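Participant: My structure file input.cif, mmCIF, C-alpha atoms (C1' of nucleotides), is below:
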data_model
loop_
_atom_site.group_PDB
_atom_site.id
_atom_site.type_symbol
_atom_site.label_atom_id
_atom_site.label_comp_id
_atom_site.auth_asym_id
_atom_site.auth_seq_id
_atom_site.Cartn_x
_atom_site.Cartn_y
_atom_site.Cartn_z
ATOM 1 C CA MET C 3 91.246 61.990 -0.165
ATOM 2 C CA TYR C 4 88.586 63.607 1.945
ATOM 3 C CA ALA C 5 88.119 64.038 5.662
ATOM 4 C CA PRO C 6 84.807 62.809 7.074
ATOM 5 C CA SER C 7 83.347 66.297 7.267
ATOM 6 C CA GLU C 8 84.257 66.918 3.634
ATOM 7 C CA ALA C 9 82.729 63.624 2.526
ATOM 8 C CA ALA C 10 79.587 64.524 4.456
ATOM 9 C CA ARG C 11 79.432 67.930 2.846
ATOM 10 C CA ARG C 12 79.917 66.556 -0.658
ATOM 11 C CA SER C 13 77.516 63.656 -0.332
ATOM 12 C CA GLY C 14 74.817 65.358 1.645
ATOM 13 C CA PHE C 15 74.871 62.649 4.310
ATOM 14 C CA SER C 16 75.570 63.512 7.918
ATOM 15 C CA LEU C 17 78.715 62.306 9.664
ATOM 16 C CA ASP C 18 76.575 60.012 11.764
ATOM 17 C CA THR C 19 74.967 58.584 8.671
ATOM 18 C CA LEU C 20 78.358 57.889 7.091
ATOM 19 C CA ARG C 21 79.434 56.055 10.228
ATOM 20 C CA TYR C 22 76.117 54.232 10.287
ATOM 21 C CA TYR C 23 76.502 53.165 6.653
ATOM 22 C CA GLU C 24 79.917 51.773 7.430
ATOM 23 C CA LYS C 25 78.649 50.013 10.539
ATOM 24 C CA ILE C 26 75.928 48.171 8.639
ATOM 25 C CA GLY C 27 78.296 47.230 5.856
ATOM 26 C CA LEU C 28 76.904 49.473 3.147
ATOM 27 C CA LEU C 29 80.264 51.199 2.952
ATOM 28 C CA SER C 30 83.265 48.959 3.387
ATOM 29 C CA ASP C 31 87.015 49.252 3.313
ATOM 30 C CA ILE C 32 86.974 52.927 4.170
ATOM 31 C CA GLY C 33 90.584 53.957 4.688
ATOM 32 C CA ARG C 34 91.959 55.140 8.003
ATOM 33 C CA THR C 35 94.820 57.332 9.090
ATOM 34 C CA SER C 36 97.275 55.867 11.581
ATOM 35 C CA ALA C 37 95.242 57.533 14.292
ATOM 36 C CA GLY C 38 92.087 55.761 13.175
ATOM 37 C CA ARG C 39 90.353 58.606 11.383
ATOM 38 C CA ARG C 40 88.412 57.817 8.228
ATOM 39 C CA VAL C 41 89.729 58.858 4.842
ATOM 40 C CA PHE C 42 87.306 58.875 1.913
ATOM 41 C CA THR C 43 88.587 58.409 -1.633
ATOM 42 C CA ASP C 44 86.981 59.576 -4.856
ATOM 43 C CA GLU C 45 85.697 56.054 -5.331
ATOM 44 C CA ASP C 46 84.047 56.169 -1.922
ATOM 45 C CA LEU C 47 82.501 59.462 -2.936
ATOM 46 C CA GLY C 48 81.214 57.813 -6.087
ATOM 47 C CA TRP C 49 79.451 55.241 -3.964
ATOM 48 C CA LEU C 50 77.983 57.937 -1.801
ATOM 49 C CA VAL C 51 76.634 59.744 -4.841
ATOM 50 C CA LEU C 52 74.984 56.506 -5.953
ATOM 51 C CA PHE C 53 73.541 55.928 -2.490
ATOM 52 C CA ARG C 54 72.218 59.472 -2.509
ATOM 53 C CA CYS C 55 70.483 58.755 -5.801
ATOM 54 C CA LEU C 56 69.012 55.481 -4.597
ATOM 55 C CA ARG C 57 67.855 56.897 -1.253
ATOM 56 C CA ASP C 58 66.309 59.971 -2.892
ATOM 57 C CA THR C 59 64.345 57.643 -5.127
ATOM 58 C CA GLY C 60 63.166 55.633 -2.168
ATOM 59 C CA MET C 61 65.254 52.484 -2.262
ATOM 60 C CA PRO C 62 65.365 50.787 1.150
ATOM 61 C CA ILE C 63 68.789 50.470 2.725
ATOM 62 C CA ALA C 64 68.573 46.677 2.688
ATOM 63 C CA GLN C 65 68.426 46.745 -1.090
ATOM 64 C CA MET C 66 71.366 49.110 -1.355
ATOM 65 C CA CYS C 67 73.297 46.690 0.857
ATOM 66 C CA ARG C 68 72.438 43.894 -1.508
ATOM 67 C CA TYR C 69 73.657 45.922 -4.474
ATOM 68 C CA ALA C 70 76.897 46.825 -2.712
ATOM 69 C CA GLN C 71 77.420 43.194 -1.734
ATOM 70 C CA LEU C 72 76.980 42.081 -5.346
ATOM 71 C CA ALA C 73 79.473 44.673 -6.515
ATOM 72 C CA ARG C 74 81.990 43.335 -3.989
ATOM 73 C CA GLU C 75 81.546 39.850 -5.350
ATOM 74 C CA GLY C 76 82.930 40.878 -8.694
ATOM 75 C CA GLU C 77 82.210 41.424 -12.329
ATOM 76 C CA HIS C 78 80.125 38.294 -12.764
ATOM 77 C CA THR C 79 77.287 39.868 -10.770
ATOM 78 C CA ALA C 80 76.916 42.751 -13.228
ATOM 79 C CA GLY C 81 73.768 41.289 -14.723
ATOM 80 C CA GLU C 82 72.107 40.900 -11.380
ATOM 81 C CA ARG C 83 73.100 44.401 -10.371
ATOM 82 C CA LYS C 84 71.701 45.817 -13.575
ATOM 83 C CA ALA C 85 68.441 43.939 -13.045
ATOM 84 C CA LEU C 86 68.219 45.297 -9.527
ATOM 85 C CA LEU C 87 68.603 48.853 -10.769
ATOM 86 C CA GLU C 88 66.104 48.327 -13.556
ATOM 87 C CA GLU C 89 63.473 46.973 -11.201
ATOM 88 C CA HIS C 90 64.083 49.953 -9.017
ATOM 89 C CA ALA C 91 63.804 52.338 -11.960
ATOM 90 C CA THR C 92 60.449 50.796 -12.800
ATOM 91 C CA ARG C 93 59.242 51.404 -9.277
ATOM 92 C CA VAL C 94 60.489 54.969 -9.497
ATOM 93 C CA GLU C 95 58.489 55.495 -12.687
ATOM 94 C CA GLU C 96 55.416 54.248 -10.862
ATOM 95 C CA GLN C 97 56.186 56.593 -8.008
ATOM 96 C CA MET C 98 56.553 59.518 -10.410
ATOM 97 C CA ARG C 99 53.218 58.755 -12.022
ATOM 98 C CA LEU C 100 51.486 58.612 -8.646
ATOM 99 C CA LEU C 101 53.169 61.783 -7.503
ATOM 100 C CA GLN C 102 52.142 63.617 -10.673
ATOM 101 C CA HIS C 103 48.611 62.316 -10.330
ATOM 102 C CA GLN C 104 48.248 63.423 -6.734
ATOM 103 C CA TYR C 105 49.913 66.723 -7.525
ATOM 104 C CA ASP C 106 47.224 67.334 -10.140
ATOM 105 C CA HIS C 107 44.597 66.567 -7.513
ATOM 106 C CA LEU C 108 46.230 68.957 -5.142
ATOM 107 C CA ARG C 109 46.295 71.745 -7.711
ATOM 108 C CA GLU C 110 42.654 71.117 -8.458
ATOM 109 C CA LYS C 111 41.861 71.358 -4.768
ATOM 110 C CA ILE C 112 43.690 74.659 -4.597
ATOM 111 C CA ARG C 113 41.650 75.953 -7.524
ATOM 112 C CA PHE C 114 38.501 75.410 -5.469
ATOM 113 C CA TYR C 115 39.796 78.050 -3.100
ATOM 114 C CA GLU C 116 40.235 80.489 -5.942
ATOM 115 C CA GLY C 117 36.874 80.332 -7.599
ATOM 116 C CA PRO C 118 33.497 80.066 -5.866
ATOM 117 C CA ALA C 119 32.902 79.304 -2.208
ATOM 118 C CA ASP C 120 34.102 75.986 -0.886
ATOM 119 C CA SER C 121 34.784 74.189 2.305
ATOM 120 C CA ALA C 122 36.433 71.090 3.705
ATOM 121 C CA MET S 29 27.008 55.403 4.385
ATOM 122 C CA TYR S 30 29.919 52.993 4.444
ATOM 123 C CA ALA S 31 31.052 50.341 6.869
ATOM 124 C CA PRO S 32 34.647 50.626 8.074
ATOM 125 C CA SER S 33 35.863 47.899 5.740
ATOM 126 C CA GLU S 34 34.234 49.635 2.791
ATOM 127 C CA ALA S 35 35.747 52.979 3.746
ATOM 128 C CA ALA S 36 39.115 51.271 4.028
ATOM 129 C CA ARG S 37 38.728 49.666 0.627
ATOM 130 C CA ARG S 38 37.694 52.907 -1.047
ATOM 131 C CA SER S 39 40.313 55.088 0.573
ATOM 132 C CA GLY S 40 43.201 52.681 0.477
ATOM 133 C CA PHE S 41 43.857 53.108 4.190
ATOM 134 C CA SER S 42 43.775 50.116 6.503
ATOM 135 C CA LEU S 43 41.129 49.749 9.187
ATOM 136 C CA ASP S 44 43.788 50.308 11.787
ATOM 137 C CA THR S 45 44.882 53.460 10.050
ATOM 138 C CA LEU S 46 41.328 54.798 9.963
ATOM 139 C CA ARG S 47 41.001 54.164 13.685
ATOM 140 C CA TYR S 48 44.393 55.731 14.246
ATOM 141 C CA TYR S 49 43.400 58.827 12.258
ATOM 142 C CA GLU S 50 40.314 59.187 14.378
ATOM 143 C CA LYS S 51 42.277 58.663 17.569
ATOM 144 C CA ILE S 52 44.725 61.466 16.791
ATOM 145 C CA GLY S 53 41.925 63.788 15.738
ATOM 146 C CA LEU S 54 42.614 63.878 12.023
ATOM 147 C CA LEU S 55 39.168 62.453 11.439
ATOM 148 C CA SER S 56 36.490 63.715 13.763
ATOM 149 C CA ASP S 57 32.772 63.292 14.242
ATOM 150 C CA ILE S 58 32.707 59.932 12.560
ATOM 151 C CA GLY S 59 29.177 58.582 12.990
ATOM 152 C CA ARG S 60 28.387 55.495 15.013
ATOM 153 C CA THR S 61 25.613 52.943 14.990
ATOM 154 C CA SER S 62 23.764 52.357 18.253
ATOM 155 C CA ALA S 63 26.156 49.473 18.835
ATOM 156 C CA GLY S 64 29.162 51.742 18.520
ATOM 157 C CA ARG S 65 30.325 50.798 15.033
ATOM 158 C CA ARG S 66 31.710 53.500 12.804
ATOM 159 C CA VAL S 67 29.700 54.754 9.848
ATOM 160 C CA PHE S 68 31.515 56.738 7.180
ATOM 161 C CA THR S 69 29.635 59.268 5.049
ATOM 162 C CA ASP S 70 30.507 60.508 1.571
ATOM 163 C CA GLU S 71 31.907 63.601 3.193
ATOM 164 C CA ASP S 72 34.184 61.462 5.368
ATOM 165 C CA LEU S 73 35.258 59.646 2.227
ATOM 166 C CA GLY S 74 36.025 62.995 0.651
ATOM 167 C CA TRP S 75 38.354 63.758 3.535
ATOM 168 C CA LEU S 76 40.008 60.396 3.181
ATOM 169 C CA VAL S 77 40.615 61.009 -0.510
ATOM 170 C CA LEU S 78 42.236 64.305 0.376
ATOM 171 C CA PHE S 79 44.358 62.685 3.073
ATOM 172 C CA ARG S 80 45.389 60.028 0.575
ATOM 173 C CA CYS S 81 46.502 62.760 -1.784
ATOM 174 C CA LEU S 82 48.414 64.634 0.894
ATOM 175 C CA ARG S 83 50.069 61.512 2.300
ATOM 176 C CA ASP S 84 51.055 60.274 -1.146
ATOM 177 C CA THR S 85 52.729 63.596 -1.760
ATOM 178 C CA GLY S 86 54.605 63.383 1.520
ATOM 179 C CA MET S 87 52.749 65.741 3.823
ATOM 180 C CA PRO S 88 53.430 64.892 7.476
ATOM 181 C CA ILE S 89 50.401 63.902 9.519
ATOM 182 C CA ALA S 90 50.881 66.865 11.848
ATOM 183 C CA GLN S 91 50.293 69.207 8.934
ATOM 184 C CA MET S 92 47.191 67.360 7.808
ATOM 185 C CA CYS S 93 45.911 67.711 11.378
ATOM 186 C CA ARG S 94 46.508 71.417 11.188
ATOM 187 C CA TYR S 95 44.598 71.633 7.922
ATOM 188 C CA ALA S 96 41.689 69.608 9.311
ATOM 189 C CA GLN S 97 41.648 71.768 12.428
ATOM 190 C CA LEU S 98 41.465 74.925 10.330
ATOM 191 C CA ALA S 99 38.608 73.491 8.316
ATOM 192 C CA ARG S 100 36.733 72.762 11.535
ATOM 193 C CA GLU S 101 37.160 76.351 12.629
ATOM 194 C CA GLY S 102 35.080 77.579 9.745
ATOM 195 C CA GLU S 103 35.064 79.486 6.511
ATOM 196 C CA HIS S 104 37.247 82.319 7.763
ATOM 197 C CA THR S 105 40.290 80.036 7.708
ATOM 198 C CA ALA S 106 39.964 79.388 3.978
ATOM 199 C CA GLY S 107 42.867 81.669 3.150
ATOM 200 C CA GLU S 108 45.161 79.972 5.610
ATOM 201 C CA ARG S 109 44.134 76.554 4.333
ATOM 202 C CA LYS S 110 44.796 77.572 0.773
ATOM 203 C CA ALA S 111 48.203 78.916 1.724
ATOM 204 C CA LEU S 112 48.998 75.659 3.477
ATOM 205 C CA LEU S 113 48.130 73.666 0.368
ATOM 206 C CA GLU S 114 50.076 75.997 -1.877
ATOM 207 C CA GLU S 115 53.189 75.733 0.240
ATOM 208 C CA HIS S 116 52.790 72.010 0.126
ATOM 209 C CA ALA S 117 52.328 72.041 -3.651
ATOM 210 C CA THR S 118 55.567 73.998 -3.947
ATOM 211 C CA ARG S 119 57.388 71.383 -1.908
ATOM 212 C CA VAL S 120 55.868 68.679 -4.087
ATOM 213 C CA GLU S 121 57.184 70.414 -7.191
ATOM 214 C CA GLU S 122 60.623 70.443 -5.614
ATOM 215 C CA GLN S 123 60.251 66.779 -4.801
ATOM 216 C CA MET S 124 59.236 65.998 -8.388
ATOM 217 C CA ARG S 125 62.236 67.832 -9.740
ATOM 218 C CA LEU S 126 64.586 65.933 -7.428
ATOM 219 C CA LEU S 127 62.945 62.646 -8.260
ATOM 220 C CA GLN S 128 63.225 63.297 -11.995
ATOM 221 C CA HIS S 129 66.849 64.329 -11.579
ATOM 222 C CA GLN S 130 67.802 61.221 -9.638
ATOM 223 C CA TYR S 131 65.791 59.057 -11.990
ATOM 224 C CA ASP S 132 67.883 60.416 -14.860
ATOM 225 C CA HIS S 133 71.027 59.548 -12.906
ATOM 226 C CA LEU S 134 69.711 56.089 -12.316
ATOM 227 C CA ARG S 135 68.966 55.558 -16.003
ATOM 228 C CA GLU S 136 72.440 56.770 -16.857
ATOM 229 C CA LYS S 137 73.919 54.310 -14.387
ATOM 230 C CA ILE S 138 71.927 51.531 -15.986
ATOM 231 C CA ARG S 139 73.265 52.517 -19.398
ATOM 232 C CA PHE S 140 76.788 51.852 -18.111
ATOM 233 C CA TYR S 141 75.798 48.229 -17.736
ATOM 234 C CA GLU S 142 74.666 48.105 -21.345
ATOM 235 C CA GLY S 143 77.658 49.518 -23.114
ATOM 236 C CA PRO S 144 81.323 48.889 -22.275
ATOM 237 C CA ALA S 145 82.676 47.235 -19.145
ATOM 238 C CA ASP S 146 81.901 48.864 -15.845
ATOM 239 C CA SER S 147 81.930 48.182 -12.189
ATOM 240 C CA ALA S 148 80.789 49.562 -8.862
ATOM 241 C "C1'" DC Y 20 20.049 29.153 18.330
ATOM 242 C "C1'" DT Y 21 24.564 28.960 17.025
ATOM 243 C "C1'" DT Y 22 28.293 30.413 14.567
ATOM 244 C "C1'" DC Y 23 31.324 33.427 12.470
ATOM 245 C "C1'" DA Y 24 33.115 37.408 10.503
ATOM 246 C "C1'" DA Y 25 33.281 42.148 11.250
ATOM 247 C "C1'" DC Y 26 33.654 45.280 14.505
ATOM 248 C "C1'" DC Y 27 35.029 47.582 19.171
ATOM 249 C "C1'" DT Y 28 38.760 49.413 22.912
ATOM 250 C "C1'" DG Y 29 43.245 50.669 25.040
ATOM 251 C "C1'" DG Y 30 47.642 50.035 24.769
ATOM 252 C "C1'" DA Y 31 51.914 47.771 23.379
ATOM 253 C "C1'" DG Y 32 55.111 46.862 19.653
ATOM 254 C "C1'" DC Y 33 57.402 47.454 15.309
ATOM 255 C "C1'" DG Y 34 60.408 48.843 11.247
ATOM 256 C "C1'" DC Y 35 63.001 52.138 9.366
ATOM 257 C "C1'" DA Y 36 66.645 55.266 9.133
ATOM 258 C "C1'" DC Y 37 68.886 57.628 11.389
ATOM 259 C "C1'" DT Y 38 70.560 60.760 15.533
ATOM 260 C "C1'" DC Y 39 72.472 61.581 19.831
ATOM 261 C "C1'" DC Y 40 75.393 60.767 23.763
ATOM 262 C "C1'" DA Y 41 79.304 59.921 26.987
ATOM 263 C "C1'" DG Y 42 83.719 59.479 27.340
ATOM 264 C "C1'" DG Y 43 87.962 59.449 25.070
ATOM 265 C "C1'" DT Y 44 91.953 60.583 21.363
ATOM 266 C "C1'" DC Y 45 94.594 63.440 18.460
ATOM 267 C "C1'" DA Y 46 96.697 67.512 15.629
ATOM 268 C "C1'" DA Y 47 97.342 72.139 14.882
ATOM 269 C "C1'" DG Y 48 97.519 76.924 16.303
ATOM 270 C "C1'" DC Y 49 98.481 80.340 19.795
ATOM 271 C "C1'" DG W 23 102.234 73.089 26.754
ATOM 272 C "C1'" DC W 24 97.462 74.112 26.473
ATOM 273 C "C1'" DT W 25 93.324 74.719 24.263
ATOM 274 C "C1'" DT W 26 90.153 73.699 20.740
ATOM 275 C "C1'" DG W 27 87.680 71.258 17.586
ATOM 276 C "C1'" DA W 28 87.363 67.488 14.515
ATOM 277 C "C1'" DC W 29 87.310 62.909 15.086
ATOM 278 C "C1'" DC W 30 86.743 58.084 17.387
ATOM 279 C "C1'" DT W 31 83.717 54.058 19.743
ATOM 280 C "C1'" DG W 32 79.656 51.385 21.377
ATOM 281 C "C1'" DG W 33 75.341 51.736 22.432
ATOM 282 C "C1'" DA W 34 71.039 54.026 23.621
ATOM 283 C "C1'" DG W 35 67.328 56.991 22.033
ATOM 284 C "C1'" DT W 36 64.190 59.249 18.662
ATOM 285 C "C1'" DG W 37 60.348 60.273 15.408
ATOM 286 C "C1'" DC W 38 57.212 58.747 12.310
ATOM 287 C "C1'" DG W 39 53.425 56.186 10.913
ATOM 288 C "C1'" DC W 40 51.417 52.824 11.478
ATOM 289 C "C1'" DT W 41 50.331 47.685 12.982
ATOM 290 C "C1'" DC W 42 49.233 44.215 16.085
ATOM 291 C "C1'" DC W 43 47.173 42.205 20.107
ATOM 292 C "C1'" DA W 44 43.964 40.565 23.776
ATOM 293 C "C1'" DG W 45 39.714 40.371 25.145
ATOM 294 C "C1'" DG W 46 35.106 41.504 24.291
ATOM 295 C "C1'" DT W 47 30.505 42.716 21.454
ATOM 296 C "C1'" DT W 48 27.389 42.499 17.553
ATOM 297 C "C1'" DG W 49 24.457 41.013 13.852
ATOM 298 C "C1'" DA W 50 23.378 38.504 9.704
ATOM 299 C "C1'" DA W 51 23.301 33.763 7.692
ATOM 300 C "C1'" DG W 52 22.150 29.033 7.939
#
Just give me the structure as structure tokens.
Facilitator:
Amino acid sequence: MYAPSEAARRSGFSLDTLRYYEKIGLLSDIGRTSAGRRVFTDEDLGWLVLFRCLRDTGMPIAQMCRYAQLAREGEHTAGERKALLEEHATRVEEQMRLLQHQYDHLREKIRFYEGPADSA
Amino acid sequence: MYAPSEAARRSGFSLDTLRYYEKIGLLSDIGRTSAGRRVFTDEDLGWLVLFRCLRDTGMPIAQMCRYAQLAREGEHTAGERKALLEEHATRVEEQMRLLQHQYDHLREKIRFYEGPADSA
DNA sequence: CTTCAACCTGGAGCGCACTCCAGGTCAAGC
DNA sequence: GCTTGACCTGGAGTGCGCTCCAGGTTGAAG
């Protein structure tokens, strides 16, 4: 059981972002104290860790919502969920290749500044 | 000498983006025909390739503007420009590490769907 | 000579993912 | 019992990087 600030700290999302994620239905069934304050469980934290992973790899929020929705629908959507993650992983691989490629370019550009004269 | 559409095709930026880059001063001194149409040189294309590289690696436009401004100021800013690129390269390395890390997480998550039962 | 696609301008609009704000509630420590 | 700070809500605002639009011009092809 974690207070909002603790959940924010552990997940790396801001308090506002946690509230936002609940508002748009990405997080659901977040517990509340009698006074209405949110209480995050370890399971909620697990979701947040997943969302962190998906966001850091560039998945749009709409797609995360879709994944979360599927998970709520039950075990029979496991195949679809897996497919969704695999498609995403493929896109991430593409992204990594591009990033590596452009990084190499960048390093080459920097080398121009080390050797002979250059401009631009 | 390239027409706008050709420059767009070769650089991977849209026509609107090329115009936008000129408007904000990222591109400057783009040639014009007597009728006012843009004419891109090989040097301009070289800049666009660099901008493509920097954008793809996540550099904010403001920083690219700063780099372009330095280049316009002359050879004596070479050190500063190099430093700017190196700092950026360092951030890109960080980004690559994070991406790889989260990609590994993602692959692990996918493996859960392959083996025993799982949810979430 | 007409047509049509490519181009021009200034400025408005958009999509995304938050982020901030005002005004209010509540719990714990002094 | 009062202060303080973490929390609540609904809704407005922000920053980034484009993207689109209206209304007009140009120039090569048929």
Participant: Mind telling me what the PyMOL selection byres ((chain S) within 10 of (chain C)) catches here, as number ranges by chain?
Facilitator: S: 71, 74-75, 77-78, 80-86, 95-96, 98-100, 102-103, 105-107, 109-114, 116-118, 120-121, 123-124, 126-135, 137-142, 145-148
Participant: Could you state the separation of atom CA of C:Ser16 and atom CA of C:Ser30 in Å, given to one decimal place?
Facilitator: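 Atom CA of C:Ser16 sits 17.1 Å away from atom CA of C:Ser30.
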Participant: Can you give me, as a list in words, the residues this file yields under the PyMOL selection byres ((chain C) within 12 of (chain Y))?
Facilitator: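 Applying the expression gives Phe15, Ser16, Leu17, Asp18, Thr19, Leu20, Arg21, Tyr22, Tyr23, Ile26, Thr35, Ser36, Ala37, Gly38, Arg39, Arg57, Gly60, Met61, Pro62, Ile63 and Ala64 of chain C.
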Participant: Find the residues of chain W that sit at most 12 Å from chain C; for each, write down the nearest two atoms and how far apart they are in Å, to one decimal. Count all atoms listed in the file. Sort by chain, then by number going up, and give it as JSON lines.
Facilitator:
{"residue": "W:DA28", "atom": "C1'", "partner": "C:Ser7", "partner_atom": "CA", "distance": 8.4}
{"residue": "W:DC29", "atom": "C1'", "partner": "C:Arg39", "partner_atom": "CA", "distance": 6.4}
{"residue": "W:DC30", "atom": "C1'", "partner": "C:Arg39", "partner_atom": "CA", "distance": 7.0}
{"residue": "W:DT31", "atom": "C1'", "partner": "C:Arg21", "partner_atom": "CA", "distance": 10.6}
{"residue": "W:DG32", "atom": "C1'", "partner": "C:Lys25", "partner_atom": "CA", "distance": 11.0}
Participant: For a test of reading the model, state the distance in Å between atom CA of C:Asp44 and atom CA of C:Met3, rounded to one decimal.
Facilitator: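 Atom CA of C:Met3 lies at a distance of 6.8 Å from atom CA of C:Asp44.
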Participant: Report the distance between atom CA of S:Ala35 and atom CA of C:Arg99 in Å, rounded to one decimal place.
Facilitator: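 Atom-to-atom, atom CA of S:Ala35 and atom CA of C:Arg99 are spaced 24.2 Å apart.
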Participant: Tell me which residues the PyMOL selection byres ((chain S and resi 68) around 6) grabs here, as a CSV table (one decimal) with C-alpha atoms, in the coordinates of the input.
Facilitator:
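result10.csv, freshly written:
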chain,number,residue,atom,x,y,z
S,29,MET,CA,27.0,55.4,4.4
S,30,TYR,CA,29.9,53.0,4.4
S,67,VAL,CA,29.7,54.8,9.8
S,69,THR,CA,29.6,59.3,5.0
S,72,ASP,CA,34.2,61.5,5.4
Participant: Starting from the incomplete input, reconstruct N, CA and C atoms of stretch 45-61 of chain S and write that as a JSON list (two decimals), in the coordinates of the input.
Facilitator:
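Once everything was written out, this is part-v1.json:
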[["chain", "number", "residue", "atom", "x", "y", "z"],
["S", 45, "THR", "N", 44.50, 52.08, 10.35],
["S", 45, "THR", "CA", 44.88, 53.46, 10.05],
["S", 45, "THR", "C", 43.69, 54.40, 10.21],
["S", 46, "LEU", "N", 42.53, 53.97, 9.79],
["S", 46, "LEU", "CA", 41.33, 54.80, 9.96],
["S", 46, "LEU", "C", 41.07, 55.06, 11.44],
["S", 47, "ARG", "N", 41.20, 54.01, 12.24],
["S", 47, "ARG", "CA", 41.00, 54.16, 13.68],
["S", 47, "ARG", "C", 42.07, 55.08, 14.27],
["S", 48, "TYR", "N", 43.28, 54.89, 13.79],
["S", 48, "TYR", "CA", 44.39, 55.73, 14.25],
["S", 48, "TYR", "C", 44.14, 57.20, 13.88],
["S", 49, "TYR", "N", 43.67, 57.46, 12.69],
["S", 49, "TYR", "CA", 43.40, 58.83, 12.26],
["S", 49, "TYR", "C", 42.30, 59.46, 13.11],
["S", 50, "GLU", "N", 41.36, 58.64, 13.51],
["S", 50, "GLU", "CA", 40.31, 59.19, 14.38],
["S", 50, "GLU", "C", 40.88, 59.47, 15.78],
["S", 51, "LYS", "N", 41.69, 58.54, 16.23],
["S", 51, "LYS", "CA", 42.28, 58.66, 17.57],
["S", 51, "LYS", "C", 43.09, 59.94, 17.72],
["S", 52, "ILE", "N", 43.87, 60.27, 16.69],
["S", 52, "ILE", "CA", 44.72, 61.47, 16.79],
["S", 52, "ILE", "C", 43.98, 62.74, 16.40],
["S", 53, "GLY", "N", 42.72, 62.60, 16.02],
["S", 53, "GLY", "CA", 41.92, 63.79, 15.74],
["S", 53, "GLY", "C", 42.00, 64.29, 14.30],
["S", 54, "LEU", "N", 42.55, 63.47, 13.43],
["S", 54, "LEU", "CA", 42.61, 63.88, 12.02],
["S", 54, "LEU", "C", 41.21, 63.73, 11.43],
["S", 55, "LEU", "N", 40.60, 62.62, 11.72],
["S", 55, "LEU", "CA", 39.17, 62.45, 11.44],
["S", 55, "LEU", "C", 38.42, 62.81, 12.71],
["S", 56, "SER", "N", 37.30, 63.48, 12.56],
["S", 56, "SER", "CA", 36.49, 63.72, 13.76],
["S", 56, "SER", "C", 35.02, 63.62, 13.41],
["S", 57, "ASP", "N", 34.21, 63.42, 14.42],
["S", 57, "ASP", "CA", 32.77, 63.29, 14.24],
["S", 57, "ASP", "C", 32.40, 62.18, 13.26],
["S", 58, "ILE", "N", 33.11, 61.08, 13.36],
["S", 58, "ILE", "CA", 32.71, 59.93, 12.56],
["S", 58, "ILE", "C", 31.48, 59.33, 13.24],
["S", 59, "GLY", "N", 30.43, 59.11, 12.44],
["S", 59, "GLY", "CA", 29.18, 58.58, 12.99],
["S", 59, "GLY", "C", 29.33, 57.17, 13.56],
["S", 60, "ARG", "N", 28.39, 56.83, 14.42],
["S", 60, "ARG", "CA", 28.39, 55.50, 15.01],
["S", 60, "ARG", "C", 26.99, 54.91, 14.95],
["S", 61, "THR", "N", 26.90, 53.61, 14.83],
["S", 61, "THR", "CA", 25.61, 52.94, 14.99],
["S", 61, "THR", "C", 25.32, 52.87, 16.49]]
